[in-house]
Each structure stands twice: as C-alpha cells, then as structure tokens.
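K.L.:
Structure file data26.cif (mmCIF, C-alpha atoms and all ligand atoms) right here:
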data_target
#
loop_
_atom_site.label_atom_id
_atom_site.label_comp_id
_atom_site.auth_asym_id
_atom_site.auth_seq_id
_atom_site.Cartn_x
_atom_site.Cartn_y
_atom_site.Cartn_z
CA GLU A 83 -10.53 70.55 -93.54
CA GLN A 84 -8.87 71.53 -96.80
CA ARG A 85 -6.13 73.68 -95.21
CA GLY A 86 -5.31 70.95 -92.71
CA VAL A 87 -5.18 68.28 -95.37
CA ASP A 88 -2.95 70.57 -97.48
CA GLU A 89 -0.56 70.86 -94.54
CA LEU A 90 -0.70 67.07 -94.13
CA ARG A 91 -0.16 66.42 -97.83
CA LYS A 92 2.96 68.59 -97.80
CA TYR A 93 4.69 65.84 -95.84
CA TYR A 94 2.59 62.69 -96.30
CA GLU A 95 0.92 60.75 -99.07
CA VAL A 96 -2.52 59.89 -97.66
CA TYR A 97 -4.11 56.58 -98.68
CA GLU A 98 -7.28 54.71 -97.70
CA THR A 99 -9.02 54.58 -94.34
CA ILE A 100 -7.70 51.54 -92.44
CA GLY A 101 -9.82 51.76 -89.35
CA SER A 102 -11.73 53.86 -86.91
CA GLY A 103 -11.27 54.50 -83.22
CA GLY A 104 -14.25 56.04 -81.47
CA PHE A 105 -14.57 59.60 -82.77
CA ALA A 106 -11.61 59.29 -85.12
CA LYS A 107 -10.82 57.67 -88.44
CA VAL A 108 -7.40 56.25 -89.18
CA LYS A 109 -5.87 56.44 -92.63
CA LEU A 110 -2.75 54.79 -93.98
CA GLY A 111 -0.09 57.32 -94.96
CA ARG A 112 3.50 57.47 -96.13
CA HIS A 113 6.08 60.01 -94.96
CA ILE A 114 7.37 61.46 -98.24
CA LEU A 115 10.92 62.23 -97.07
CA THR A 116 11.69 58.85 -95.50
CA GLY A 117 9.23 56.62 -97.36
CA GLU A 118 8.05 55.18 -94.02
CA LYS A 119 4.41 54.11 -93.63
CA VAL A 120 2.42 55.85 -90.89
CA ALA A 121 -1.09 55.70 -89.44
CA ILE A 122 -2.85 59.07 -89.47
CA LYS A 123 -5.57 59.54 -86.87
CA ILE A 124 -7.95 62.21 -88.14
CA MET A 125 -10.42 63.97 -85.87
CA ASN A 126 -12.93 66.65 -86.76
CA LYS A 127 -13.15 69.08 -83.85
CA LYS A 128 -16.91 69.54 -84.44
CA ASP A 129 -17.52 65.78 -84.01
CA LEU A 130 -15.29 65.70 -80.92
CA GLY A 131 -17.49 67.99 -78.87
CA GLU A 132 -16.81 67.36 -75.19
CA ASP A 133 -14.32 64.63 -76.17
CA LEU A 134 -11.81 67.28 -77.28
CA PRO A 135 -10.10 67.33 -73.85
CA ARG A 136 -9.59 63.54 -74.16
CA VAL A 137 -7.65 64.09 -77.36
CA LYS A 138 -5.47 66.72 -75.70
CA VAL A 139 -4.86 64.29 -72.82
CA GLU A 140 -3.80 61.58 -75.29
CA ILE A 141 -1.51 63.91 -77.26
CA GLU A 142 0.20 65.26 -74.14
CA ALA A 143 0.65 61.75 -72.76
CA MET A 144 2.03 60.34 -76.02
CA LYS A 145 4.50 63.23 -76.32
CA ASN A 146 6.01 62.03 -73.04
CA LEU A 147 5.96 58.32 -73.84
CA SER A 148 8.70 56.81 -75.96
CA HIS A 149 8.99 53.03 -75.63
CA GLN A 150 9.40 49.96 -77.81
CA HIS A 151 5.92 48.70 -76.83
CA VAL A 152 4.02 51.99 -76.91
CA CYS A 153 2.72 53.27 -80.25
CA ARG A 154 4.91 56.23 -81.22
CA LEU A 155 3.47 59.68 -81.95
CA TYR A 156 5.52 61.37 -84.70
CA GLN A 157 3.68 64.58 -85.48
CA VAL A 158 0.59 66.57 -84.57
CA ILE A 159 -1.05 68.94 -87.06
CA GLU A 160 -3.89 71.06 -85.74
CA THR A 161 -6.06 73.37 -87.85
CA SER A 162 -9.16 75.34 -86.93
CA THR A 163 -11.34 72.36 -87.86
CA HIS A 164 -9.18 69.22 -87.50
CA ILE A 165 -6.52 67.47 -85.45
CA PHE A 166 -4.20 65.02 -87.22
CA MET A 167 -2.03 62.64 -85.21
CA VAL A 168 0.71 60.92 -87.20
CA LEU A 169 1.40 57.59 -85.51
CA GLU A 170 3.56 54.51 -85.82
CA TYR A 171 1.93 52.10 -88.33
CA CYS A 172 1.03 48.62 -87.01
CA PRO A 173 0.15 46.34 -89.94
CA GLY A 174 -0.74 43.38 -87.71
CA GLY A 175 -3.94 45.02 -86.47
CA GLU A 176 -5.51 44.44 -83.05
CA LEU A 177 -4.41 41.71 -80.64
CA PHE A 178 -8.16 41.19 -80.15
CA ASP A 179 -8.58 39.94 -83.74
CA TYR A 180 -5.47 37.79 -83.40
CA ILE A 181 -6.93 35.97 -80.36
CA VAL A 182 -10.32 35.52 -82.09
CA ALA A 183 -8.58 34.09 -85.17
CA LYS A 184 -6.66 31.54 -83.07
CA ASP A 185 -9.50 30.85 -80.60
CA ARG A 186 -6.95 31.05 -77.76
CA LEU A 187 -3.15 31.22 -77.44
CA SER A 188 -0.76 28.65 -76.00
CA GLU A 189 0.90 29.47 -72.68
CA GLU A 190 4.23 29.96 -74.51
CA GLU A 191 2.81 32.41 -77.07
CA THR A 192 0.84 34.20 -74.35
CA ARG A 193 4.05 34.63 -72.33
CA VAL A 194 5.78 36.39 -75.26
CA PHE A 195 2.93 38.90 -75.57
CA PHE A 196 2.35 39.24 -71.83
CA ARG A 197 6.01 40.15 -71.21
CA GLN A 198 5.65 42.95 -73.78
CA ILE A 199 2.46 44.20 -72.14
CA ALA A 200 4.15 44.15 -68.71
CA SER A 201 7.10 46.03 -70.22
CA ALA A 202 4.81 48.71 -71.67
CA MET A 203 2.77 49.07 -68.46
CA ALA A 204 5.84 49.23 -66.19
CA TYR A 205 7.22 51.99 -68.40
CA VAL A 206 3.91 53.91 -68.62
CA HIS A 207 3.57 53.72 -64.81
CA SER A 208 7.21 54.79 -64.35
CA GLN A 209 6.34 57.97 -66.27
CA GLY A 210 3.48 58.61 -63.81
CA TYR A 211 0.62 57.53 -66.09
CA ALA A 212 -2.15 55.00 -65.61
CA HIS A 213 -3.62 53.76 -68.92
CA ARG A 214 -7.10 52.83 -67.54
CA ASP A 215 -8.39 51.29 -70.77
CA LEU A 216 -6.19 48.24 -71.23
CA LYS A 217 -7.83 45.62 -73.50
CA PRO A 218 -6.78 43.56 -76.54
CA GLU A 219 -8.42 46.12 -78.86
CA ASN A 220 -5.86 48.66 -77.65
CA LEU A 221 -2.81 46.47 -78.29
CA LEU A 222 -1.67 46.46 -81.92
CA ILE A 223 0.77 44.11 -83.62
CA ASP A 224 3.59 45.72 -85.61
CA GLU A 225 5.51 44.33 -88.60
CA ASN A 226 7.77 42.27 -86.29
CA ARG A 227 4.86 40.79 -84.29
CA ASN A 228 5.64 43.12 -81.40
CA LEU A 229 2.81 44.68 -79.41
CA LYS A 230 2.23 48.43 -79.31
CA LEU A 231 -0.06 50.01 -76.73
CA ILE A 232 -2.49 52.61 -78.10
CA ASP A 233 -5.36 54.89 -77.08
CA PHE A 234 -4.24 57.05 -74.17
CA GLY A 235 -7.45 59.06 -74.28
CA LEU A 236 -8.51 57.79 -70.85
CA CYS A 237 -5.08 57.78 -69.22
CA ALA A 238 -4.44 59.74 -66.05
CA LYS A 239 -1.36 61.39 -64.68
CA PRO A 240 -2.37 62.24 -61.09
CA LYS A 241 -0.73 65.49 -59.96
CA GLY A 242 0.79 63.96 -56.85
CA GLY A 243 2.05 60.85 -58.65
CA LEU A 244 0.56 57.42 -59.26
CA SER A 245 0.04 56.75 -55.56
CA TYR A 246 -2.69 59.43 -55.58
CA GLU A 247 -6.21 58.16 -55.88
CA LEU A 248 -8.41 58.61 -58.90
CA MET A 249 -12.16 58.94 -59.01
CA THR A 250 -13.34 58.79 -62.60
CA CYS A 251 -14.95 55.50 -63.46
CA CYS A 252 -13.89 54.79 -67.04
CA GLY A 253 -12.64 52.13 -69.44
CA SER A 254 -14.42 49.02 -70.69
CA PRO A 255 -16.52 47.32 -67.97
CA ALA A 256 -15.33 43.75 -68.65
CA TYR A 257 -11.71 44.84 -67.97
CA ALA A 258 -12.50 47.31 -65.17
CA ALA A 259 -11.33 46.63 -61.60
CA PRO A 260 -13.94 46.09 -58.83
CA GLU A 261 -12.91 49.24 -56.93
CA LEU A 262 -13.28 51.26 -60.13
CA ILE A 263 -16.77 50.07 -61.03
CA GLN A 264 -17.90 50.48 -57.43
CA GLY A 265 -17.06 54.17 -57.70
CA LYS A 266 -14.49 53.96 -54.93
CA ALA A 267 -11.32 56.05 -54.99
CA TYR A 268 -8.70 53.85 -56.61
CA ILE A 269 -5.03 53.76 -57.54
CA GLY A 270 -4.61 53.83 -61.32
CA SER A 271 -1.69 51.38 -61.43
CA GLU A 272 -3.58 48.85 -59.28
CA ALA A 273 -6.62 49.08 -61.57
CA ASP A 274 -4.31 48.57 -64.58
CA VAL A 275 -2.97 45.34 -63.02
CA TRP A 276 -6.54 43.99 -62.72
CA SER A 277 -7.09 44.78 -66.43
CA MET A 278 -3.84 42.97 -67.23
CA GLY A 279 -5.22 39.96 -65.35
CA VAL A 280 -8.43 40.00 -67.40
CA LEU A 281 -6.28 40.38 -70.55
CA LEU A 282 -4.08 37.43 -69.53
CA PHE A 283 -7.22 35.30 -69.00
CA ALA A 284 -8.54 36.35 -72.44
CA LEU A 285 -5.23 35.39 -74.10
CA LEU A 286 -5.05 31.98 -72.40
CA CYS A 287 -8.76 31.12 -72.62
CA GLY A 288 -10.18 32.99 -75.63
CA TYR A 289 -13.08 34.42 -73.61
CA LEU A 290 -13.57 36.81 -70.67
CA PRO A 291 -13.47 35.76 -66.98
CA PHE A 292 -16.38 38.07 -66.12
CA ASP A 293 -19.05 38.42 -68.77
CA ASP A 294 -22.76 39.10 -68.93
CA GLU A 295 -24.86 40.99 -71.40
CA ASN A 296 -26.65 42.58 -68.44
CA CYS A 297 -24.43 45.39 -67.14
CA MET A 298 -25.50 45.09 -63.52
CA ALA A 299 -25.01 41.31 -63.55
CA LEU A 300 -21.53 41.90 -64.99
CA TYR A 301 -20.73 44.40 -62.22
CA ARG A 302 -21.83 41.90 -59.56
CA LYS A 303 -19.58 39.20 -61.05
CA ILE A 304 -16.58 41.58 -61.10
CA ALA A 305 -17.24 42.84 -57.56
CA ARG A 306 -17.43 39.19 -56.39
CA GLY A 307 -14.27 38.30 -58.36
CA ARG A 308 -15.28 34.65 -58.89
CA TYR A 309 -14.41 33.01 -62.21
CA ASP A 310 -13.78 29.46 -63.43
CA ASN A 311 -10.36 28.25 -64.60
CA PRO A 312 -10.73 26.06 -67.69
CA ARG A 313 -9.03 22.68 -67.43
CA TRP A 314 -6.30 23.50 -69.98
CA LEU A 315 -4.71 26.14 -67.73
CA SER A 316 -1.43 25.10 -66.07
CA PRO A 317 -1.16 25.43 -62.27
CA GLY A 318 1.30 28.31 -62.84
CA SER A 319 -1.22 30.18 -64.99
CA VAL A 320 -4.01 29.57 -62.46
CA LEU A 321 -1.82 30.96 -59.67
CA LEU A 322 -0.74 34.09 -61.56
CA LEU A 323 -4.32 34.86 -62.61
CA ASN A 324 -5.42 34.45 -58.99
CA GLN A 325 -2.73 36.89 -57.81
CA MET A 326 -3.76 39.52 -60.38
CA LEU A 327 -7.55 39.13 -60.12
CA GLN A 328 -7.68 39.89 -56.40
CA VAL A 329 -10.77 41.97 -55.58
CA ASP A 330 -8.83 43.71 -52.79
CA PRO A 331 -6.33 45.93 -54.65
CA LYS A 332 -3.92 45.75 -51.73
CA ARG A 333 -3.70 41.97 -52.12
CA ARG A 334 -3.16 42.28 -55.90
CA LEU A 335 0.31 41.86 -57.46
CA SER A 336 2.04 45.09 -58.47
CA VAL A 337 3.47 45.56 -61.97
CA ARG A 338 6.96 45.46 -60.46
CA GLN A 339 6.24 42.05 -58.87
CA LEU A 340 5.01 40.87 -62.28
CA LEU A 341 8.35 41.66 -63.95
CA ASP A 342 10.15 38.78 -62.22
CA HIS A 343 7.20 36.54 -61.39
CA PRO A 344 8.03 32.81 -61.85
CA TRP A 345 5.34 32.41 -64.55
CA VAL A 346 6.69 35.42 -66.46
CA MET A 347 10.30 34.19 -66.07
CA LYS A 348 9.56 30.61 -67.23
CA ASP A 349 11.73 29.66 -70.25
CA TYR A 350 13.23 33.19 -70.25
CA ASN A 351 15.03 33.01 -66.87
CA SER A 352 15.29 36.80 -66.94
CA PRO A 353 12.98 39.54 -65.71
CA VAL A 354 11.02 41.68 -68.14
CA GLU A 355 13.11 44.58 -69.52
CA TRP A 356 10.85 47.55 -69.17
CA TYR A 357 13.31 50.43 -69.74
CA SER A 358 12.75 52.33 -72.93
CA ARG A 359 15.08 51.41 -75.79
CA GLN A 360 14.06 54.69 -77.40
CA PRO A 361 15.40 57.42 -75.16
CA VAL A 362 13.74 60.69 -76.00
CA TYR A 363 16.74 62.87 -76.79
CA THR A 364 16.47 66.20 -75.10
CA HIS A 365 19.95 67.17 -76.23
CA ILE A 366 21.09 65.97 -79.62
CA GLN A 367 24.22 63.83 -79.16
CA LYS A 368 25.00 64.55 -82.82
CA PRO A 369 23.94 61.19 -84.32
CA LYS A 370 25.98 61.96 -87.41
CA TYR A 371 23.97 59.97 -89.95
CA VAL A 372 20.86 61.98 -89.18
CA ILE A 373 22.08 65.46 -88.47
CA ASP A 374 24.35 65.74 -91.54
CA GLU A 375 21.98 63.79 -93.79
CA CYS A 376 18.96 65.89 -93.40
CA LEU A 377 18.54 67.90 -90.27
CA ASN A 378 21.19 70.58 -90.37
CA ILE A 379 20.35 71.46 -86.81
CA GLU A 380 23.11 73.20 -84.88
CA THR A 381 24.24 70.30 -82.65
CA GLU A 382 24.52 72.58 -79.66
CA LEU A 383 20.87 73.41 -80.03
CA THR A 384 18.62 71.34 -77.82
CA LEU A 385 15.99 70.04 -80.17
CA THR A 386 12.72 70.98 -78.55
CA TRP A 387 10.20 68.30 -79.40
CA ARG A 388 7.62 70.31 -81.27
CA TYR A 389 6.09 67.20 -82.83
CA ASP A 390 6.23 68.99 -86.14
CA GLN A 391 7.80 67.89 -89.40
CA THR A 392 11.32 68.00 -87.96
CA THR A 393 10.36 65.71 -85.11
CA ALA A 394 8.58 63.33 -87.47
CA THR A 395 11.50 63.18 -89.91
CA TYR A 396 14.01 62.65 -87.12
CA LEU A 397 11.98 59.91 -85.40
CA LEU A 398 11.13 58.15 -88.67
CA LEU A 399 14.80 58.15 -89.70
CA LEU A 400 15.70 56.79 -86.28
CA SER A 401 13.04 54.09 -86.68
CA LYS A 402 14.43 53.17 -90.11
CA LYS A 403 17.92 52.85 -88.68
CA GLN A 404 16.67 50.69 -85.80
CA LYS A 405 15.00 48.43 -88.37
CA GLY A 406 18.32 48.14 -90.21
CA LYS A 407 16.96 49.94 -93.26
CA PRO A 408 19.27 52.31 -95.20
CA VAL A 409 18.97 55.78 -93.70
CA ARG A 410 18.48 57.64 -96.95
CA LEU A 411 16.07 60.34 -97.89
CA ARG A 412 14.12 60.28 -101.11
CA PRO A 413 16.15 62.02 -103.93
CA GLU A 414 15.73 65.81 -104.17
CA PRO A 415 14.32 66.06 -100.66
CA ALA A 416 11.90 68.85 -100.10
CA VAL A 417 13.20 71.64 -97.91
CA CYS A 418 14.29 70.26 -94.53
CA GLU A 419 13.50 73.22 -92.40
C1 LIG B 501 -10.14 50.12 -80.09
N1 LIG B 501 -9.92 49.99 -81.55
C2 LIG B 501 -11.20 50.02 -82.29
C3 LIG B 501 -9.02 51.06 -82.02
C4 LIG B 501 -8.58 50.76 -83.42
C5 LIG B 501 -8.13 52.06 -84.10
C6 LIG B 501 -7.62 51.80 -85.52
C7 LIG B 501 -6.50 50.78 -85.47
N2 LIG B 501 -5.89 50.53 -86.76
C8 LIG B 501 -6.66 49.94 -87.75
O1 LIG B 501 -7.89 49.84 -87.63
N3 LIG B 501 -6.05 49.46 -88.87
C9 LIG B 501 -4.65 49.21 -88.90
C10 LIG B 501 -3.87 50.11 -88.01
C11 LIG B 501 -2.50 50.25 -88.21
N4 LIG B 501 -1.76 51.05 -87.47
C12 LIG B 501 -2.33 51.78 -86.47
C13 LIG B 501 -1.52 52.62 -85.70
C14 LIG B 501 -2.04 53.41 -84.71
C15 LIG B 501 -3.42 53.38 -84.46
C16 LIG B 501 -4.00 54.21 -83.38
C17 LIG B 501 -3.14 54.72 -82.37
C18 LIG B 501 -3.69 55.48 -81.36
CL1 LIG B 501 -2.67 56.09 -80.10
C19 LIG B 501 -5.05 55.74 -81.31
O2 LIG B 501 -5.59 56.48 -80.28
C20 LIG B 501 -5.88 55.23 -82.31
CL2 LIG B 501 -7.57 55.56 -82.27
C21 LIG B 501 -5.36 54.47 -83.35
C22 LIG B 501 -4.25 52.55 -85.20
C23 LIG B 501 -3.73 51.72 -86.20
C24 LIG B 501 -4.52 50.80 -86.98
C25 LIG B 501 -6.92 49.48 -84.79
C26 LIG B 501 -7.44 49.76 -83.38
#
Translate this file's structure into structure tokens.
P.N.:
Amino acid sequence: EQRGVDELRKYYEVYETIGSGGFAKVKLGRHILTGEKVAIKIMNKKDLGEDLPRVKVEIEAMKNLSHQHVCRLYQVIETSTHIFMVLEYCPGGELFDYIVAKDRLSEEETRVFFRQIASAMAYVHSQGYAHRDLKPENLLIDENRNLKLIDFGLCAKPKGGLSYELMTCCGSPAYAAPELIQGKAYIGSEADVWSMGVLLFALLCGYLPFDDENCMALYRKIARGRYDNPRWLSPGSVLLLNQMLQVDPKRRLSVRQLLDHPWVMKDYNSPVEWYSRQPVYTHIQKPKYVIDECLNIETELTLTWRYDQTTATYLLLLSKKQKGKPVRLRPEPAVCE
C-alpha cells in the first residue's frame, strides 16, 4: 500500500474516509496543484478477489463517459496491491439520504432531478452502455445540487450495441426489471427504464412500489407489476409511472420518449438536453488558459487520455473554469510533466 499511497500523496492531500462503496472505501482528497477537492476510491486488490474485473469494467466505462450528470473520473493509480480512482467530489451525498430526510419530494422538485437522471441515462445509452444498477444510492448530489451518476461496476457495453440482449441478472432486486429477475434475455436500456420508473416512484412517494422482506415474494410482485398509486400523485405522474413500469419491455417507454414526455416537459416546455457539455477532447484545441498556464503540451500533440496526473490536472482546471473559479495553480507548482 505504501508505494501506492506515496504516488497518490505526490499529487493529492488525503483526508478522512467519507464513505464506503461495497469493497471500496472513499476518502476526501485535495488536488495539490489546483486546490480542487476530490473523492478517492481506494480498493485493495486482495479484498477485491473475483470483483477485480468489475473494477476494470467501471474504470474502462468511466474513461469513456464525460457528462455533466455522470461522476467524472480524473485519474487512476494502480500499484501491485491497490487501485486508486480519483473522482469528482459530491458534497451533497446520496439522493437516497435526501429523499429519506424529506420523506418524499414534490412533483416540481422530482421533475428537476428526474430530468437530470434522464439526461445522464440518455447519454450513457448513447455511448453504448447500460448502467444496470440505477437506484438513489448511486445518484450523488454535487455542490450545485446537481445529480451525478456513480458506480458503473455492473454496467454492460454489449459488443453488438445496446440492442443486443444481456443475460446476467444483477443490480438491486427492488429496482430490477421483471425480465431481468426472471432470468430472461433482456435489453439493458429497457431494464434501465424500469429502474428509472422505480426511482421516480421512490422520489414521488418516499417508498418503493415493489417491496417485501421475502425475496421470492418481492420477485412475484415485480413479475406481476402491480403497485398502488398513493392519493397525492397527480394524474400526469400516475400515467408516466404506468408507462415506465410496464412488465412487457416492448410496451415500456424508451429513454428517448422520456426526453420530451409531457410530464417531463411540464413547466420547462423544452425536452431534456442530454448531450454532454463536457466534450472529451481528443485533439487539444489549444485552450490557451490551460495549455500556457500549466500544461506545456505541444498543441499539435493529441493528448491521449492516460488518466494520469496530466489528465487530472487538465480536467480539474477545466472544472474550475466551468465553475467560474480563477484558473490559477498553487504558487511554485510542482513539476508539470
Ligand atoms: C451505494 N453507495 C453506498 C455508494 C456510496 C459510495 C461513497 C459515496 N460518497 C460518500 O459516502 N461520501 C461523500 C461522497 C462524496 N463524493 C463522492 C464522489 C464519488 C463517489 C463514488 C463514485 C464512484 Cl464512480 C463509485 O463507484 C463509488 Cl463506490 C463512489 C462517492 C462519493 C461520496 C456515497 C455513495
């Protein structure tokens, strides 16, 4: 561990543990050069065991995902014993805790969050990924009360594209689609829409549509697809939930249909913007303030995203600029290789 932590401490101050996710612990950190806070996911390869491939899946997926509502991966440091993932820090914690604290959300507040979730999912699907573990515990709130999707350890990128069927039954039962828990071949994006329906119900109601402490009883309820709409739901909410929680995946709304659904458009009168506002530069268009300031990279050089210190510094500077913070490095910066 020591060598890995030394490598980490070259670039980051490492503070207390702020959480844990399955086989990982998450510590608060600060990028020394930019002063930006980060979340550092720390995994011990010994503890990972057969979960190591899941981590590789998550890292590869996150390297290809750059979106305003997907938690950003800045850097990966791997040693013989550990894997460190340096991630975008989300001080607002889990959406799950936010719902619990408020009992349930109003339709208006739910719509703000739901549009962000639809934006993230439309983007993730457009990149050929299915998330497969969508739940309020995997949606974090950042410093501007925006949602960030995390935990891509169960995501899938079918070889032939998202229309190809998947087999692995995974994710959290209460959010899992009927076809998935019945072990049928399923389409990842269709299963994600079911999970979004369960999530929408949880936001609007404060409890789950299908719940039972007995696993088999829970499966039967999901397979049957029957749930009660509490009296405070508007007719529009009842309709949208019904269109998403269709047991037959072919009758279920698609994410694309969600983007301009009347319930989603209410008060906004515009469809959900799902395009990424954070294009992943493959060729540096010489953003002057960054290149000259710190990264004296030959502008003709295509910056290959190595997810090393250079990537982290570049992305964190970009993030600072997007937040309107001064794009300055700490005095006497360490060597900017
Ligand atoms: C399903 N739950 C248990 C999972 C927990 C995990 C810890 C989380 N967390 C805190 O505990 N405190 C604050 C906090 C702040 N910023 C974070 C940024 C990224 C991640 C993160 C990102 C990815 Cl991609 C990932 O895979 C994992 Cl495991 C974590 C966690 C953060 C965080 C909350 C959700």
K.L.:
Could you state the separation of atom CA of A:Gln157 and atom CA of A:Arg197 in Å, given to one decimal place?
P.N.:
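Value for the atom CA of A:Gln157-atom CA of A:Arg197 distance: 28.4 Å.
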K.L.:
Pick from A:Tyr211, A:Tyr180, A:Tyr268, A:Tyr156: nearest to A:Gly288, with only C-alpha atoms counted?
P.N.:
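For A:Gly288, the nearest of the given residues is A:Tyr180.
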K.L.:
Taking 6 positions as the minimum chain separation for residues in the same chain, which residues sit within 10 Å of A:Arg186 when counting only C-alpha atoms? Answer as a list of chain:residue names.
P.N.:
A:Tyr180, A:Thr192, A:Phe283, A:Ala284, A:Leu285, A:Leu286, A:Cys287, A:Gly288, A:Tyr289
K.L.:
If I take atom CA of A:Cys297 and atom CA of A:Glu261, how far is one from the other in Å, to one decimal?
P.N.:
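Atom CA of A:Cys297 sits 15.9 Å away from atom CA of A:Glu261.
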K.L.:
Please provide as a list in words all residues within 9 Å of A:Ser271, with the sequence filter that same-chain residues fewer than 2 positions apart are discarded (counting all atoms listed in the file).
P.N.:
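The residues satisfying every condition are Met203, His207, Tyr211, Ala212, His213, Arg214, Leu244, Ser245, Tyr268, Ile269, Ala273, Asp274, Val275, Trp276, Ser336 and Val337 of chain A.
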K.L.:
Using all atoms listed in the file, find each residue with an atom at most 9 Å away from ligand LIG 501 (chain B) and format the answer as a PyMOL selection string.
P.N.:
chain A and resi 99-110+120-124+137+140-141+144+152-155+167-176+217-224+230-235
K.L.:
Next, the residues of the selection above should be written as a short mmCIF file (atom, residue, chain, number, x, y, z; two decimals), keeping the file's coordinate frame with C-alpha atoms.
P.N.:
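Final output, result.cif:
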data_model
loop_
_atom_site.label_atom_id
_atom_site.label_comp_id
_atom_site.auth_asym_id
_atom_site.auth_seq_id
_atom_site.Cartn_x
_atom_site.Cartn_y
_atom_site.Cartn_z
CA THR A 99 -9.02 54.58 -94.34
CA ILE A 100 -7.70 51.54 -92.44
CA GLY A 101 -9.82 51.76 -89.35
CA SER A 102 -11.73 53.86 -86.91
CA GLY A 103 -11.27 54.50 -83.22
CA GLY A 104 -14.25 56.04 -81.47
CA PHE A 105 -14.57 59.60 -82.77
CA ALA A 106 -11.61 59.29 -85.12
CA LYS A 107 -10.82 57.67 -88.44
CA VAL A 108 -7.40 56.25 -89.18
CA LYS A 109 -5.87 56.44 -92.63
CA LEU A 110 -2.75 54.79 -93.98
CA VAL A 120 2.42 55.85 -90.89
CA ALA A 121 -1.09 55.70 -89.44
CA ILE A 122 -2.85 59.07 -89.47
CA LYS A 123 -5.57 59.54 -86.87
CA ILE A 124 -7.95 62.21 -88.14
CA VAL A 137 -7.65 64.09 -77.36
CA GLU A 140 -3.80 61.58 -75.29
CA ILE A 141 -1.51 63.91 -77.26
CA MET A 144 2.03 60.34 -76.02
CA VAL A 152 4.02 51.99 -76.91
CA CYS A 153 2.72 53.27 -80.25
CA ARG A 154 4.91 56.23 -81.22
CA LEU A 155 3.47 59.68 -81.95
CA MET A 167 -2.03 62.64 -85.21
CA VAL A 168 0.71 60.92 -87.20
CA LEU A 169 1.40 57.59 -85.51
CA GLU A 170 3.56 54.51 -85.82
CA TYR A 171 1.93 52.10 -88.33
CA CYS A 172 1.03 48.62 -87.01
CA PRO A 173 0.15 46.34 -89.94
CA GLY A 174 -0.74 43.38 -87.71
CA GLY A 175 -3.94 45.02 -86.47
CA GLU A 176 -5.51 44.44 -83.05
CA LYS A 217 -7.83 45.62 -73.50
CA PRO A 218 -6.78 43.56 -76.54
CA GLU A 219 -8.42 46.12 -78.86
CA ASN A 220 -5.86 48.66 -77.65
CA LEU A 221 -2.81 46.47 -78.29
CA LEU A 222 -1.67 46.46 -81.92
CA ILE A 223 0.77 44.11 -83.62
CA ASP A 224 3.59 45.72 -85.61
CA LYS A 230 2.23 48.43 -79.31
CA LEU A 231 -0.06 50.01 -76.73
CA ILE A 232 -2.49 52.61 -78.10
CA ASP A 233 -5.36 54.89 -77.08
CA PHE A 234 -4.24 57.05 -74.17
CA GLY A 235 -7.45 59.06 -74.28
#
K.L.:
Counting only C-alpha atoms, what is within 10 Å of A:Tyr309, bar same-chain residues fewer than 2 positions away, as a list in words?
P.N.:
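Everything that qualifies: Leu290, Pro291, Phe292, Asp293, Lys303, Ile304, Arg306, Gly307, Asn311, Pro312, Asn324 and Leu327 of chain A.
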K.L.:
Next, write the just-selected residues to a file, as a PDB file, in the frame of the given file, keeping C-alpha atoms as the atom set.
P.N.:
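File out01.pdb, as written:
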ATOM      1  CA  LEU A 290     -13.570  36.810 -70.670  1.00  0.00           C
ATOM      2  CA  PRO A 291     -13.470  35.760 -66.980  1.00  0.00           C
ATOM      3  CA  PHE A 292     -16.380  38.070 -66.120  1.00  0.00           C
ATOM      4  CA  ASP A 293     -19.050  38.420 -68.770  1.00  0.00           C
ATOM      5  CA  LYS A 303     -19.580  39.200 -61.050  1.00  0.00           C
ATOM      6  CA  ILE A 304     -16.580  41.580 -61.100  1.00  0.00           C
ATOM      7  CA  ARG A 306     -17.430  39.190 -56.390  1.00  0.00           C
ATOM      8  CA  GLY A 307     -14.270  38.300 -58.360  1.00  0.00           C
ATOM      9  CA  ASN A 311     -10.360  28.250 -64.600  1.00  0.00           C
ATOM     10  CA  PRO A 312     -10.730  26.060 -67.690  1.00  0.00           C
ATOM     11  CA  ASN A 324      -5.420  34.450 -58.990  1.00  0.00           C
ATOM     12  CA  LEU A 327      -7.550  39.130 -60.120  1.00  0.00           C
TER      13      LEU A 327
END
K.L.:
Counting all atoms listed in the file, figure out which residue out of A:Val182, A:Ile114, A:Leu400, A:Ala258 gets nearest to A:Ala305.
P.N.:
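Distance minimum relative to A:Ala305 lands on A:Ala258.
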K.L.:
What is the atom CA of A:Met249 to atom CA of A:Gln339 distance in Å?
P.N.:
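That distance, rounded to one decimal, is 25.0 Å.
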K.L.:
For A:Glu160, work out the shell of residues within 12 Å, counting only C-alpha atoms and skipping chain neighbours fewer than 6 positions away, then give it as a tab-separated table (two decimals) with C-alpha atoms, in the coordinates of the input.
P.N.:
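So the final result, stored in part.tsv, reads:
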chain	number	residue	atom	x	y	z
A	83	GLU	CA	-10.53	70.55	-93.54
A	85	ARG	CA	-6.13	73.68	-95.21
A	86	GLY	CA	-5.31	70.95	-92.71
A	87	VAL	CA	-5.18	68.28	-95.37
A	88	ASP	CA	-2.95	70.57	-97.48
A	89	GLU	CA	-0.56	70.86	-94.54
A	90	LEU	CA	-0.70	67.07	-94.13
A	123	LYS	CA	-5.57	59.54	-86.87
A	124	ILE	CA	-7.95	62.21	-88.14
A	125	MET	CA	-10.42	63.97	-85.87
A	126	ASN	CA	-12.93	66.65	-86.76
A	127	LYS	CA	-13.15	69.08	-83.85
A	137	VAL	CA	-7.65	64.09	-77.36
A	138	LYS	CA	-5.47	66.72	-75.70
A	141	ILE	CA	-1.51	63.91	-77.26
A	166	PHE	CA	-4.20	65.02	-87.22
A	167	MET	CA	-2.03	62.64	-85.21
A	168	VAL	CA	0.71	60.92	-87.20
A	389	TYR	CA	6.09	67.20	-82.83
A	390	ASP	CA	6.23	68.99	-86.14
K.L.:
When distances are computed from all atoms listed in the file, which of A:Leu216, A:Leu323, A:Val206, A:Ala183 shows the smallest separation from A:Trp356?
P.N.:
A:Val206
K.L.:
The centre and edge lengths of an axis-aligned box containing all atoms of stretch 347-357 of chain A present in the file, extended by 4 Å on each side, are to be given in Å to one decimal, as JSON.
P.N.:
{"center_x": 12.4, "center_y": 40.0, "center_z": -68.0, "size_x": 13.7, "size_y": 28.8, "size_z": 12.5}
K.L.:
Between A:Thr161, A:Glu118, A:Pro240, A:His113, single out the one closest to A:Lys403, counting only C-alpha atoms.
P.N.:
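So, comparing all the options, the nearest one is A:Glu118.
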K.L.:
So which residues are close to (-0.2, 60.6, -96.5), meaning at most 7 Å away in the file's coordinates with only C-alpha atoms counted, and can you show them as a list in words?
P.N.:
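I get Leu90, Arg91, Tyr94, Glu95, Val96, Tyr97, Leu110, Gly111, Arg112 and His113 of chain A for the residues within 7 Å of that point.
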K.L.:
Counting only C-alpha atoms, I want the residues whose atoms come within 12 Å of (13.8, 50.8, -90.1) in the file frame, returned as a PyMOL selection string.
P.N.:
chain A and resi 116-119+170+225-226+397-410
